[in-house]
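Contents: one structure, followed by commentary.
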Amino acid sequence: MRGQILGLLLSVFLAGGVLAQARDIEATIDRQLQAFSVDDFETAFTFASPNLQRLFQTPSNFQRMVVQGYPMVWRFREVDFLELTERSGALWQRVRIVDAQGMTHILDYRMLETPAGWRINGVQILDAADFSA
């Protein structure tokens with residue numbers, strides 16, 4: 001009986017940690033999206049991982065990449081956070097984005113926990129047709 005109670009408490013504690021982690025990850029992505037929506041690429045750049053910041057070097061290089069390669073995150077109409085999964089030791093947050101033209105996009109955000117909090121370490125655009133009902 002004591003072991004079952006301890007197991008239940010441990011499960012509740014771990015689930016609470018995962019929920020807090022998911023909220024923090026969603027908040028990071030949401031803050032970057034909000035920065036994009038007002039063309040604040042300097043702030044949006046701060047949510048990129050140190051690796052991505054080194055790769056792009058400046059907020060204007062980052063802006064060019066986002067506007068040309070990920071217009072749906074720059075000009076979106078609607079955002080829904082889907083599942084958070086672990087793959088090969090990395091956390092991936094799936095996000096459904098409806099762009100300004102009404103098209104649906106599914107993206108996987110690879111997240112990295114840093115001393116400064118969660119940062120975005122890459123984004124994959126998935127085929128939205130694979131997720132339609």
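In the structure tokens, the first chain shown is A, the next is B, and so on; residue numbers restart at 1 for each chain, and ligands run from 1 in the order shown.
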Enumerate as a VMD selection string all residues of region 24-125 of chain A assigned to helix (DSSP H, G or I) by DSSP on the backbone, naming them with the chain letters and numbers the document uses. chain A and resid 24 to 37 41 to 46 50 to 56 59 to 69 71 to 74
So that I can check the surroundings of Val98 (chain A), please list as a PyMOL selection string every protein, DNA and RNA residue that reaches within 12 Å of it, counting only C-alpha atoms and ignoring chain neighbours fewer than 4 positions away. chain A and resi 71-81+102-107+128
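Nearest-residue note for Arg119 (chain A): choosing from A:Phe62, A:Phe56, A:Trp92, A:Phe41, the minimum distance belongs to A:Trp92, counting only C-alpha atoms.
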With distances taken over only C-alpha atoms, which of A:Asp127, A:Ser60, A:Asp108, A:Leu55 is nearest to Glu83 (chain A)?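 Closest candidate: A:Asp108.
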Check region 71-120 of chain A with DSSP on the backbone and list each residue it calls strand (DSSP E or B), as number ranges by chain. A: 76-87, 90-99, 104-114, 117-120
All residues 8 Å or closer to region 23-29 of chain A, only C-alpha atoms, same chain fewer than 5 positions away omitted, as a PyMOL selection string: chain A and resi 47+81+93+111+118-120
Atomic distance CA of Arg31 (chain A) - CA of Ser88 (chain A), expressed in Å with one decimal: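 These two atoms are separated by 26.0 Å.
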Option closest in space to Leu52 (chain A), from A:Gln68, A:Arg94, A:Asp40, A:Leu112 [counting only C-alpha atoms]: A:Leu112
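Residue neighbourhood of Glu42 (chain A), excluding near-sequence residues (fewer than 5 positions): Gln32, Ala35, Phe36, Phe47, Ala48, Gln53, Gln57, Thr58, Pro59, Ser60, Asn61, Phe62 and Gln63 of chain A, at 12 Å, using only C-alpha atoms.
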